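Undergrad: What follows is run.txt, compact mmCIF, C-alpha atoms.
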```txt
# COMPACT_ATOMS: atom_id res chain seq x y z
CA MET A 1 76.56 90.44 174.88
CA ARG A 2 75.80 87.62 172.45
CA LYS A 3 78.78 86.36 170.48
CA ARG A 4 77.27 87.43 167.14
CA ASP A 5 76.63 90.97 168.39
CA LEU A 6 80.11 91.10 169.91
CA ARG A 7 81.68 90.13 166.58
CA ILE A 8 79.63 92.72 164.69
CA SER A 9 80.63 95.38 167.21
CA ARG A 10 84.29 94.49 166.69
CA ILE A 11 83.96 94.91 162.93
CA ARG A 12 82.28 98.27 163.52
CA ALA A 13 85.10 99.20 165.93
CA VAL A 14 87.67 98.68 163.16
CA GLU A 15 85.63 100.94 160.89
CA ARG A 16 85.54 103.64 163.60
CA GLU A 17 89.30 103.32 164.10
CA TYR A 18 89.75 103.88 160.39
CA ARG A 19 87.69 107.06 160.51
CA ILE A 20 89.83 108.32 163.39
CA ALA A 21 92.97 107.41 161.46
CA VAL A 22 91.75 109.42 158.44
CA ILE A 23 91.23 112.47 160.65
CA ALA A 24 94.63 111.98 162.30
CA ALA A 25 96.33 111.65 158.91
CA GLU A 26 94.69 114.85 157.72
CA LEU A 27 95.82 116.69 160.86
CA LEU A 28 99.35 115.38 160.34
CA ASN A 29 99.22 116.57 156.75
CA GLN A 30 98.21 120.04 157.90
CA GLN A 31 101.05 120.06 160.43
CA LEU A 32 103.56 118.99 157.79
CA THR A 33 102.33 121.66 155.42
CA SER A 34 103.15 124.33 157.97
CA ASP A 35 106.27 122.56 159.31
CA PRO A 36 107.88 120.15 156.80
CA SER A 37 110.51 119.10 159.39
CA PHE A 38 107.86 117.99 161.90
CA LEU A 39 108.78 114.30 161.53
CA ASP A 40 112.54 114.74 161.43
CA LEU A 41 113.06 113.82 165.09
CA ASP A 42 111.41 110.47 164.42
CA ASP A 43 113.61 109.93 161.39
CA LEU A 44 110.57 110.06 159.11
CA ARG A 45 109.91 112.11 156.02
CA PHE A 46 106.99 113.98 154.44
CA ARG A 47 106.83 111.20 151.87
CA ASP A 48 106.35 108.55 154.58
CA ALA A 49 103.28 110.40 155.77
CA ALA A 50 101.99 110.67 152.21
CA ILE A 51 102.37 106.91 151.70
CA HIS A 52 100.65 106.28 155.04
CA ARG A 53 97.70 108.38 153.94
CA GLN A 54 97.59 106.71 150.55
CA ASN A 55 97.57 103.18 152.04
CA LEU A 56 95.30 103.87 154.97
CA GLU A 57 92.07 102.53 153.53
CA THR A 58 93.58 99.34 152.11
CA THR A 59 95.44 98.69 155.38
CA TYR A 60 92.20 98.94 157.32
CA CYS A 61 90.36 96.87 154.75
CA ILE A 62 92.78 94.01 155.38
CA ARG A 63 92.33 94.41 159.12
CA LEU A 64 88.55 94.61 158.76
CA PHE A 65 88.45 91.34 156.86
CA ALA A 66 90.80 89.71 159.36
CA GLU A 67 88.39 90.62 162.15
CA PHE A 68 85.50 89.22 160.13
CA GLU A 69 87.33 86.01 159.28
CA THR A 70 88.41 85.46 162.88
CA GLY A 71 84.78 85.74 163.93
CA LEU A 72 83.67 83.36 161.20
CA ARG A 73 86.22 80.75 162.22
CA GLU A 74 85.13 81.08 165.85
CA ALA A 75 81.52 80.54 164.78
CA TRP A 76 82.56 77.61 162.58
CA ARG A 77 84.17 75.91 165.59
CA HIS A 78 81.69 76.77 168.29
CA ALA A 79 78.36 77.54 166.64
CA TYR A 80 78.59 74.70 164.15
CA GLY A 81 80.93 72.43 166.10
CA ARG A 82 83.34 71.98 163.19
CA PRO A 83 87.06 71.51 163.99
CA SER A 84 88.24 71.93 160.37
CA HIS A 85 90.07 74.95 158.92
CA PRO A 86 88.65 75.40 155.41
CA LYS A 87 89.83 77.95 152.85
CA THR A 88 88.15 81.29 153.39
CA SER A 89 86.07 81.00 150.22
CA ASN A 90 84.83 77.55 151.29
CA LEU A 91 84.15 78.78 154.80
CA LEU A 92 82.01 81.64 153.48
CA GLU A 93 80.01 79.31 151.27
CA ALA A 94 79.56 76.66 153.98
CA ILE A 95 78.27 79.15 156.50
CA ALA A 96 76.08 80.91 153.94
CA THR A 97 74.56 77.54 153.02
CA ARG A 98 73.92 76.63 156.63
CA CYS A 99 72.19 79.98 157.16
CA ALA A 100 70.27 79.83 153.85
CA MET A 101 71.66 83.30 153.35
CA PRO A 102 70.16 85.57 150.67
CA GLN A 103 72.37 85.14 147.61
CA PRO A 104 73.29 88.86 147.26
CA TRP A 105 74.52 89.00 150.87
CA PHE A 106 76.94 86.18 150.09
CA ASP A 107 77.94 87.51 146.66
CA GLN A 108 78.74 90.95 148.04
CA VAL A 109 80.93 89.57 150.82
CA ASP A 110 82.68 87.34 148.32
CA LYS A 111 83.54 90.52 146.40
CA VAL A 112 85.06 91.95 149.58
CA ARG A 113 87.08 88.73 149.95
CA GLU A 114 88.32 89.05 146.37
CA TYR A 115 89.28 92.66 146.98
CA ARG A 116 91.11 91.72 150.19
CA ASN A 117 92.94 88.98 148.28
CA SER A 118 93.96 91.44 145.60
CA LEU A 119 95.51 93.62 148.34
CA VAL A 120 97.25 90.79 150.19
CA HIS A 121 98.31 88.64 147.25
CA ASP A 122 98.55 91.38 144.62
CA GLU A 123 95.86 89.76 142.50
CA SER A 124 94.90 93.15 141.11
CA ALA A 125 93.08 91.68 138.15
CA THR A 126 90.28 90.17 140.23
CA GLY A 127 89.57 92.58 143.04
CA VAL A 128 87.36 95.61 142.56
CA MET A 129 87.95 98.40 145.07
CA ILE A 130 85.24 98.61 147.74
CA PRO A 131 85.12 101.61 150.10
CA LEU A 132 85.78 100.61 153.70
CA GLY A 133 82.39 101.74 155.01
CA GLU A 134 80.61 99.67 152.35
CA ALA A 135 82.84 96.65 153.07
CA ALA A 136 82.04 96.91 156.79
CA ARG A 137 78.32 97.09 156.03
CA ARG A 138 78.50 93.94 153.89
CA LEU A 139 80.52 92.00 156.46
CA CYS A 140 78.19 92.96 159.31
CA ARG A 141 75.15 91.98 157.26
CA PHE A 142 76.70 88.58 156.56
CA PHE A 143 77.40 88.12 160.25
CA SER A 144 73.85 89.10 161.19
CA ALA A 145 72.64 85.89 159.51
CA LEU A 146 74.64 83.68 161.88
CA PRO A 147 73.21 82.13 165.05
CA PRO A 148 72.98 84.77 167.80
CA ASP A 149 75.19 82.97 170.30
CA TRP A 150 77.56 80.04 170.64
CA MET B 1 68.10 87.08 118.96
CA ALA B 2 69.07 89.06 122.06
CA GLY B 3 65.44 90.13 122.42
CA THR B 4 64.33 86.49 122.30
CA VAL B 5 66.79 85.50 125.02
CA SER B 6 65.67 88.44 127.11
CA ALA B 7 61.99 87.56 126.67
CA GLU B 8 62.69 83.95 127.61
CA SER B 9 64.58 84.89 130.75
CA ALA B 10 61.79 87.31 131.70
CA ASN B 11 59.28 84.50 131.24
CA VAL B 12 61.36 82.21 133.46
CA ALA B 13 61.55 84.93 136.09
CA VAL B 14 57.78 85.37 136.06
CA GLN B 15 57.19 81.63 136.39
CA THR B 16 59.77 81.42 139.19
CA LEU B 17 58.11 84.30 141.01
CA TYR B 18 54.58 82.86 140.65
CA GLN B 19 55.67 79.49 141.97
CA TRP B 20 57.54 81.10 144.84
CA LEU B 21 54.54 83.26 145.77
CA ALA B 22 52.20 80.26 145.60
CA ASP B 23 54.48 78.19 147.83
CA VAL B 24 54.90 80.99 150.37
CA GLU B 25 51.14 81.57 150.43
CA GLU B 26 50.55 77.88 151.09
CA LEU B 27 53.11 77.96 153.89
CA ALA B 28 51.47 81.04 155.43
CA ARG B 29 48.07 79.35 155.33
CA ASP B 30 49.53 76.33 157.11
CA VAL B 31 50.82 78.62 159.86
CA GLU B 32 47.49 80.43 160.15
CA ARG B 33 45.50 77.20 160.29
CA TRP B 34 47.75 75.42 162.80
CA SER B 35 48.03 78.53 164.98
CA ASN B 36 44.26 79.03 165.02
CA GLN B 37 43.76 75.40 166.01
CA ASN B 38 45.96 76.11 169.05
CA ASN B 39 44.09 79.32 169.89
CA TRP B 40 47.10 81.43 169.01
CA LEU B 41 46.28 84.85 167.59
CA VAL B 42 47.53 85.50 164.07
CA ARG B 43 47.60 88.83 162.26
CA ARG B 44 48.33 88.94 158.55
CA ASP B 45 50.17 91.85 156.96
CA THR B 46 52.23 92.08 153.80
CA LYS B 47 55.84 92.98 153.25
CA SER B 48 57.69 93.93 150.11
CA ILE B 49 60.76 92.01 148.97
CA THR B 50 63.07 93.19 146.21
CA GLU B 51 65.42 90.73 144.51
CA ASP B 52 67.69 91.40 141.58
CA LYS B 53 66.27 88.57 139.50
CA LEU B 54 62.60 89.04 140.42
CA GLY B 55 62.08 92.73 141.08
CA SER B 56 59.74 93.86 143.89
CA TYR B 57 56.84 91.76 145.08
CA LEU B 58 54.55 91.37 148.10
CA VAL B 59 54.43 88.40 150.45
CA PRO B 60 52.40 87.60 153.57
CA TYR B 61 53.95 88.60 156.89
CA LEU B 62 52.37 87.04 159.97
CA THR B 63 52.52 88.03 163.62
CA ILE B 64 51.64 85.20 166.00
CA ARG B 65 50.82 85.63 169.66
CA ALA B 66 50.60 82.68 172.04
CA PRO B 67 50.46 82.45 175.84
CA GLN B 68 54.17 81.62 175.92
CA GLY B 69 55.28 84.51 173.69
CA GLY B 70 55.24 85.99 170.21
CA MET B 71 56.70 85.12 166.84
CA ILE B 72 56.79 86.46 163.31
CA PHE B 73 56.61 84.57 160.04
CA GLU B 74 58.73 86.51 157.59
CA PRO B 75 59.64 85.46 154.03
CA ILE B 76 63.22 86.53 153.32
CA ALA B 77 64.11 85.70 149.71
CA ARG B 78 63.61 83.26 146.85
CA TYR B 79 67.31 83.31 145.97
CA VAL B 80 69.40 82.06 148.89
CA VAL B 81 72.59 80.05 149.17
CA GLY B 82 71.97 76.30 149.23
CA ALA B 83 68.17 76.35 148.87
CA SER B 84 65.41 77.76 146.67
CA GLY B 85 63.78 80.08 149.17
CA ARG B 86 63.80 81.05 152.81
CA VAL B 87 61.22 82.08 155.38
CA ASP B 88 62.15 82.99 158.95
CA LEU B 89 60.28 82.14 162.12
CA CYS B 90 61.55 84.69 164.61
CA ALA B 91 60.49 84.93 168.25
CA PHE B 92 60.19 88.31 169.87
CA PRO B 93 61.57 90.00 171.86
CA SER B 94 64.41 87.42 172.03
CA PHE B 95 65.04 87.33 168.23
CA PHE B 96 65.84 83.63 168.39
CA ASN B 97 64.90 82.23 165.02
CA ALA B 98 64.54 79.14 162.93
CA VAL B 99 64.80 79.07 159.16
CA VAL B 100 62.27 77.41 156.90
CA VAL B 101 63.96 76.58 153.61
CA ARG B 102 62.45 75.41 150.35
CA THR B 103 64.27 72.52 148.71
CA ASP B 104 63.57 70.05 145.92
CA SER B 105 61.89 67.84 148.51
CA GLY B 106 59.66 70.58 149.91
CA TRP B 107 59.87 72.87 152.94
CA HIS B 108 62.18 72.05 155.84
CA ILE B 109 62.73 73.69 159.22
CA LYS B 110 66.40 74.18 160.04
CA SER B 111 67.98 75.38 163.22
CA LEU B 112 70.91 77.73 162.84
CA ASP B 113 73.06 76.17 165.54
CA LYS B 114 75.44 73.21 165.62
CA ASP B 115 72.64 70.77 166.32
CA SER B 116 71.76 71.24 162.65
CA VAL B 117 68.16 70.22 163.16
CA ASP B 118 66.53 69.61 159.79
CA ARG B 119 62.87 68.61 159.94
CA ARG B 120 60.34 68.28 157.18
CA TRP B 121 57.62 70.93 157.35
CA SER B 122 54.54 69.58 159.11
CA GLU B 123 52.03 70.62 161.72
CA GLU B 124 54.01 68.77 164.37
CA SER B 125 57.40 70.23 163.43
CA PHE B 126 55.95 73.75 163.14
CA LEU B 127 54.18 73.65 166.52
CA GLU B 128 57.21 72.21 168.31
CA THR B 129 59.59 74.72 166.75
CA ALA B 130 57.25 77.65 167.40
CA SER B 131 56.70 76.63 171.02
CA GLN B 132 60.45 76.26 171.61
CA LEU B 133 61.24 79.61 170.01
CA MET B 134 58.56 81.49 171.90
CA ALA B 135 59.65 79.95 175.20
CA MET B 136 63.19 81.32 174.76
CA THR B 137 63.97 84.51 176.56
```
Starting from the coordinates I provided, produce the structure as C-alpha cells.
TA:
Amino acid sequence: MRKRDLRISRIRAVEREYRIAVIAAELLNQQLTSDPSFLDLDDLRFRDAAIHRQNLETTYCIRLFAEFETGLREAWRHAYGRPSHPKTSNLLEAIATRCAMPQPWFDQVDKVREYRNSLVHDESATGVMIPLGEAARRLCRFFSALPPDW
Amino acid sequence: MAGTVSAESANVAVQTLYQWLADVEELARDVERWSNQNNWLVRRDTKSITEDKLGSYLVPYLTIRAPQGGMIFEPIARYVVGASGRVDLCAFPSFFNAVVVRTDSGWHIKSLDKDSVDRRWSEESFLETASQLMAMT
C-alpha cells in the first residue's frame, strides 16, 4: 500500500475505533442501569463511566489528530526530505503550499487543529467543536493532496 | 455604504473569475495543441467547480490518450494555498500527478515530491511531464 493511502487508512481506523467505543460505552451504560454495582469489582463507579462517555469524542479527536500529525511529519521528512520539526501550524501551511492545496481544505483542517489545541491546552476561546466524523473527513482530504508515496 | 462594499467585492469576484477562466482556457488550448501535434488523442469535456468566493462555474476537462498511457487535465481551484490557481495533470490508472500552478510569473509545473521540480509552463515542459506521468505504472 502506498504511504499516503496507509496514513489515510490509519486515520479512518481511529474513526472506526471511536464508533466501536461509542457502542461499547452505550452497552456499559445499559449494564449499569440494570446493575449499578457492575463496576465495583474494578473499584470504579457509575460516575467514572459517565465521565468516560462524556469525554469519549474529545479523547478520540486528540488521538485522531495525533495520527494525522504523525503522518504529516513522516511525509515532511521522507516525501519532502526536510529534517526540521516545525510547529504544527507551520507544518500544515508548508505542506499545503507545496501541494497548492485548495484554500478551504487547508482552512478546515486548521479549524480542526485549533479545536484540538483547545482540548489539549484548554484554549476554549478559540476552538469550535467539530464532530469526530467531520474532523476525520477533513484530515483525510488534506492527506489526499500529498504525494502518493515516499 | 454596506451595499457599495458588497457591490465592489462582487465586481472583484467577477473579474477574478473571468481572468481565471481565460487563463485556464488558454492552458487547455496549449494542451490540446501540443497533444495533437504529438498524435495524442484529446477529448474535451467540462466540469463544474464551486468555490466560496466565486460560486459555481464550468471549466474545460481534458482526457488525453497516448501510446504510453492516459492522462487527465483537471482544473482544481482558483483559490489555493501559495498560488493563484491550480490545475492537475493526473495519469491513469496510476493516479500519479503533477500540479500546474498559476503564479505572478505565469503557469508553472510542480512535482509533489521532494525533488520539488518547478518548471515554467512550455511545450517542452508539458510534453516531458506528460510523458513521464503516463509512463508510470
Undergrad: Could you please tell me, as a list in words, which residues of chain A have an atom within 6 Å of chain B when using only C-alpha atoms?
TA: Ala79, Tyr80, Gly81, Ala96, Thr97, Ala100, Met101, Pro102, Gln103 and Pro147 of chain A
Undergrad: List the neighbours of Phe142 of chain A out to 8 Å using all atoms listed in the file; skip same-chain residues closer than 5 positions along the sequence, and give me the result as a list in words.
TA: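 These residues fall inside the cut-off: Met101, Trp105, Phe106 and Val109 of chain A.
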Undergrad: Just want the 12 Å neighbourhood of Gln132 of chain B, counted on only C-alpha atoms, with same-chain residues fewer than 3 positions away dropped. Output as a PDB file with C-alpha atoms, in the frame of the given file.
TA:
```pdb
ATOM      1  CA  ALA B  66      50.600  82.680 172.040  1.00  0.00           C
ATOM      2  CA  GLN B  68      54.170  81.620 175.920  1.00  0.00           C
ATOM      3  CA  GLY B  69      55.280  84.510 173.690  1.00  0.00           C
ATOM      4  CA  GLY B  70      55.240  85.990 170.210  1.00  0.00           C
ATOM      5  CA  MET B  71      56.700  85.120 166.840  1.00  0.00           C
ATOM      6  CA  LEU B  89      60.280  82.140 162.120  1.00  0.00           C
ATOM      7  CA  CYS B  90      61.550  84.690 164.610  1.00  0.00           C
ATOM      8  CA  ALA B  91      60.490  84.930 168.250  1.00  0.00           C
ATOM      9  CA  SER B  94      64.410  87.420 172.030  1.00  0.00           C
ATOM     10  CA  PHE B  96      65.840  83.630 168.390  1.00  0.00           C
ATOM     11  CA  ASN B  97      64.900  82.230 165.020  1.00  0.00           C
ATOM     12  CA  ALA B  98      64.540  79.140 162.930  1.00  0.00           C
ATOM     13  CA  SER B 111      67.980  75.380 163.220  1.00  0.00           C
ATOM     14  CA  SER B 125      57.400  70.230 163.430  1.00  0.00           C
ATOM     15  CA  PHE B 126      55.950  73.750 163.140  1.00  0.00           C
ATOM     16  CA  LEU B 127      54.180  73.650 166.520  1.00  0.00           C
ATOM     17  CA  GLU B 128      57.210  72.210 168.310  1.00  0.00           C
ATOM     18  CA  THR B 129      59.590  74.720 166.750  1.00  0.00           C
ATOM     19  CA  ALA B 135      59.650  79.950 175.200  1.00  0.00           C
ATOM     20  CA  MET B 136      63.190  81.320 174.760  1.00  0.00           C
ATOM     21  CA  THR B 137      63.970  84.510 176.560  1.00  0.00           C
TER      22      THR B 137
END
```
Undergrad: Please provide as a list in words all residues within 12 Å of Ser122 of chain B, with the sequence filter that same-chain residues fewer than 5 positions apart are discarded (counting all atoms listed in the file).
TA: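 Close residues of Ser122 of chain B: Leu27, Asp30, Val31, Arg33, Trp34, Val100, Gly106, Trp107, His108, Ile109, Leu127, Glu128, Thr129 and Ala130 of chain B.
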Undergrad: For Leu6 of chain A, work out the shell of residues within 10 Å, counting only C-alpha atoms and skipping chain neighbours fewer than 4 positions away, then give it as a list in words.
TA: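 Returned residues: Met1, Arg2, Arg10, Ile11, Arg12, Gly71, Pro148 and Asp149 of chain A.
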Undergrad: Using all atoms listed in the file, which of the listed residues (A:Arg53, A:Thr58, A:Trp76, A:Phe46) sits closest to Glu26 of chain A?
TA: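 Once distances to Glu26 of chain A are computed over all atoms listed in the file, the minimum belongs to A:Arg53.
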Undergrad: Some atoms are missing, so please complete segment 23-52 of chain A with N, CA and C atoms and return it as a CSV table (one decimal), in the coordinates of the input.
TA:
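After the write, part.csv holds the following:
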```
chain,number,residue,atom,x,y,z
A,23,ILE,N,91.2,111.1,160.1
A,23,ILE,CA,91.2,112.5,160.6
A,23,ILE,C,92.7,112.8,161.1
A,24,ALA,N,93.3,111.8,161.8
A,24,ALA,CA,94.6,112.0,162.3
A,24,ALA,C,95.6,112.2,161.2
A,25,ALA,N,95.4,111.5,160.1
A,25,ALA,CA,96.3,111.6,158.9
A,25,ALA,C,96.2,113.0,158.3
A,26,GLU,N,94.9,113.5,158.3
A,26,GLU,CA,94.7,114.8,157.7
A,26,GLU,C,95.3,115.9,158.6
A,27,LEU,N,95.2,115.7,159.9
A,27,LEU,CA,95.8,116.7,160.9
A,27,LEU,C,97.3,116.7,160.7
A,28,LEU,N,97.9,115.5,160.5
A,28,LEU,CA,99.4,115.4,160.3
A,28,LEU,C,99.8,116.1,159.0
A,29,ASN,N,98.9,115.9,158.0
A,29,ASN,CA,99.2,116.6,156.8
A,29,ASN,C,99.2,118.1,156.9
A,30,GLN,N,98.3,118.6,157.7
A,30,GLN,CA,98.2,120.0,157.9
A,30,GLN,C,99.5,120.5,158.6
A,31,GLN,N,99.9,119.7,159.6
A,31,GLN,CA,101.0,120.1,160.4
A,31,GLN,C,102.3,120.1,159.5
A,32,LEU,N,102.4,119.1,158.7
A,32,LEU,CA,103.6,119.0,157.8
A,32,LEU,C,103.6,120.1,156.8
A,33,THR,N,102.4,120.6,156.4
A,33,THR,CA,102.3,121.7,155.4
A,33,THR,C,102.9,122.9,156.0
A,34,SER,N,102.6,123.1,157.3
A,34,SER,CA,103.2,124.3,158.0
A,34,SER,C,104.6,124.1,158.5
A,35,ASP,N,104.9,122.9,158.8
A,35,ASP,CA,106.3,122.6,159.3
A,35,ASP,C,106.8,121.3,158.7
A,36,PRO,N,107.4,121.4,157.5
A,36,PRO,CA,107.9,120.2,156.8
A,36,PRO,C,108.9,119.3,157.6
A,37,SER,N,109.5,119.9,158.6
A,37,SER,CA,110.5,119.1,159.4
A,37,SER,C,109.9,118.4,160.6
A,38,PHE,N,108.6,118.5,160.7
A,38,PHE,CA,107.9,118.0,161.9
A,38,PHE,C,108.2,116.5,162.3
A,39,LEU,N,108.5,115.7,161.3
A,39,LEU,CA,108.8,114.3,161.5
A,39,LEU,C,110.3,114.0,161.6
A,40,ASP,N,111.1,115.0,161.5
A,40,ASP,CA,112.5,114.7,161.4
A,40,ASP,C,113.1,114.0,162.7
A,41,LEU,N,112.6,114.4,163.9
A,41,LEU,CA,113.1,113.8,165.1
A,41,LEU,C,112.8,112.3,165.2
A,42,ASP,N,111.7,111.9,164.5
A,42,ASP,CA,111.4,110.5,164.4
A,42,ASP,C,112.0,109.8,163.2
A,43,ASP,N,112.9,110.5,162.6
A,43,ASP,CA,113.6,109.9,161.4
A,43,ASP,C,112.6,109.5,160.3
A,44,LEU,N,111.6,110.3,160.2
A,44,LEU,CA,110.6,110.1,159.1
A,44,LEU,C,110.5,111.3,158.2
A,45,ARG,N,110.0,111.0,157.0
A,45,ARG,CA,109.9,112.1,156.0
A,45,ARG,C,108.5,112.4,155.6
A,46,PHE,N,108.3,113.6,155.0
A,46,PHE,CA,107.0,114.0,154.4
A,46,PHE,C,106.4,112.9,153.6
A,47,ARG,N,107.3,112.3,152.8
A,47,ARG,CA,106.8,111.2,151.9
A,47,ARG,C,106.3,110.0,152.6
A,48,ASP,N,106.9,109.7,153.8
A,48,ASP,CA,106.4,108.6,154.6
A,48,ASP,C,104.9,108.8,155.0
A,49,ALA,N,104.7,110.1,155.4
A,49,ALA,CA,103.3,110.4,155.8
A,49,ALA,C,102.3,110.3,154.6
A,50,ALA,N,102.8,110.7,153.4
A,50,ALA,CA,102.0,110.7,152.2
A,50,ALA,C,101.6,109.2,151.9
A,51,ILE,N,102.6,108.3,152.0
A,51,ILE,CA,102.4,106.9,151.7
A,51,ILE,C,101.4,106.3,152.7
A,52,HIS,N,101.6,106.7,154.0
A,52,HIS,CA,100.6,106.3,155.0
A,52,HIS,C,99.2,106.7,154.7
```
